[in-house]
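Participant: Below are the structure tokens for one structure; questions will follow.
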Amino acid sequence: MSEIKNGKKTVWLYAVILFTSAFIVLLLTAYSQIKFTKNIDEYESRLSDQEKAKYSVQQSYSLLKKENEKLKKQIDSLNDKIKSINNKPSLYSEYYALQYKHTKALKSYESLMKADQAYNSGDYINCAQLLLKQCEVSVLEVEAKNLYNYLKNKTYLKAARELYGRGFSYYKKGKFHEAVTDFNSSLELVDKEYFSDDCVFFAAYSEFNMGNKTRTQHYIDLLIKKYPDSSYMNDAKNLQKLLAK
């Protein structure tokens, strides 16, 4: 009798274990399905956003070319007007001001188109530098600004990282002038990344190796002021001591 009871208890125990295991498996499966569905939804949402951004950029580029052509015609018209007026200083001033404004806008639009081409070819450095140095945002229309901001967000960090890497390569080869140029270009794009203090420190040592004490001190001061927690701080102070000798 005792053996029968024990057998029933064992069967019941196995049943509980199996039921519990099955429940856990179902629970995990349900959780995994929910998580999978959520990930799919998020992925589709990201794709949708990317497609929207891509369409917006393409639309901006199309409008960009139209604006470019319009500006060229306006400049040609202004040139004709300037040629046709005689001894009217006020009109000269007015037309030249308009001509200057349209010419500046045209250069910005042309640079923005070149930047877009550079981005599409994977040349992030050229794209970023065109945006930074040759595109004046204030003269761009809304669609062109959308394209400018899209390209800026896509390229500035990548270009800054590439410039730092290239600058460090120059530094190791003893090409200190080229190194400083790239380090500064990197800092112009972004100056709060993990490699930003590296740019400043190695720019200081590059200037030191070229015998430029004033420039070396400039970068040491910049490192101390802007990156007080830099791991190069002790090395920078040692470099400062070398300057005093």
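Residue numbers start at 1 in each chain; chains themselves are named A, B, ... in the order of the structure tokens; ligands are numbered from 1 in the order shown.
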Which residues come within 9 Å of range 186-191 of chain A, counting only C-alpha atoms, excluding same-chain residues fewer than 6 positions away, as a VMD selection string?

Facilitator: chain A and resid 128 to 129 132 156 to 157 159 to 164 167 197 199 to 200

Participant: Just the selected residues (C-alpha atoms), exported as a compact mmCIF listing (two decimals), in the first residue's frame, please.

Facilitator:
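Contents of the output file again03.txt:
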```txt
# COMPACT_ATOMS: atom_id res chain seq x y z
CA ALA A 128 32.13 67.35 -44.94
CA GLN A 129 34.70 69.99 -45.87
CA LEU A 132 31.79 73.32 -43.67
CA TYR A 156 30.88 64.98 -40.00
CA LEU A 157 31.73 62.28 -37.44
CA ALA A 159 35.10 62.42 -41.77
CA ALA A 160 36.55 63.62 -38.44
CA ARG A 161 37.49 60.06 -37.52
CA GLU A 162 39.11 59.48 -40.92
CA LEU A 163 41.04 62.74 -40.66
CA TYR A 164 42.34 61.80 -37.22
CA GLY A 167 46.79 62.60 -39.41
CA ASP A 197 42.09 65.18 -27.31
CA CYS A 199 44.25 65.38 -32.17
CA VAL A 200 45.27 68.22 -29.86
```

Participant: How far is it from CA of Gly165 in chain A to CA of Leu223 in chain A, in Å with one decimal?

Facilitator: 18.8 Å

Participant: Which of these, A:Asn234, A:Glu141, A:Asn149, A:Phe201, has the shortest distance to Ile220 in chain A once you count only C-alpha atoms?

Facilitator: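 Using only C-alpha atoms, Ile220 in chain A sits closest to A:Phe201.
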
Participant: Tell me which protein, DNA and RNA residues are within 12 Å of Ala179 in chain A, counting only C-alpha atoms, leaving out same-chain ones fewer than 4 positions away, and put them as a ChimeraX atom specification.

Facilitator: /A:163-175,183-186,198-207,209-210

Participant: May I have the residues from that selection written out with C-alpha atoms, as a CSV table (one decimal), in the first residue's frame?

Facilitator:
```csv
chain,number,residue,atom,x,y,z
A,163,LEU,CA,41.0,62.7,-40.7
A,164,TYR,CA,42.3,61.8,-37.2
A,165,GLY,CA,43.5,58.4,-38.5
A,166,ARG,CA,45.2,59.9,-41.5
A,167,GLY,CA,46.8,62.6,-39.4
A,168,PHE,CA,48.2,60.0,-37.0
A,169,SER,CA,49.5,58.1,-39.9
A,170,TYR,CA,51.3,61.2,-41.1
A,171,TYR,CA,52.6,61.8,-37.6
A,172,LYS,CA,54.2,58.3,-37.4
A,173,LYS,CA,55.9,58.9,-40.8
A,174,GLY,CA,57.3,62.2,-39.6
A,175,LYS,CA,55.1,64.3,-41.9
A,183,PHE,CA,44.2,67.1,-36.8
A,184,ASN,CA,42.9,70.6,-37.1
A,185,SER,CA,40.5,69.6,-39.8
A,186,SER,CA,39.1,66.8,-37.6
A,198,ASP,CA,44.4,62.9,-29.3
A,199,CYS,CA,44.3,65.4,-32.2
A,200,VAL,CA,45.3,68.2,-29.9
A,201,PHE,CA,48.1,66.3,-28.1
A,202,PHE,CA,49.6,65.0,-31.3
A,203,ALA,CA,49.3,68.4,-32.9
A,204,ALA,CA,51.3,69.7,-30.0
A,205,TYR,CA,54.0,67.1,-30.5
A,206,SER,CA,54.0,67.7,-34.2
A,207,GLU,CA,54.6,71.4,-33.7
A,209,ASN,CA,59.1,68.3,-33.6
A,210,MET,CA,59.0,71.1,-36.2
```

Participant: May I ask which of the residues A:Ser111, A:Lys245, A:Thr103, A:Lys154 is the closest one to Lys133 in chain A, counting only C-alpha atoms?

Facilitator: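 Among the listed residues, A:Ser111 lies closest to Lys133 in chain A.
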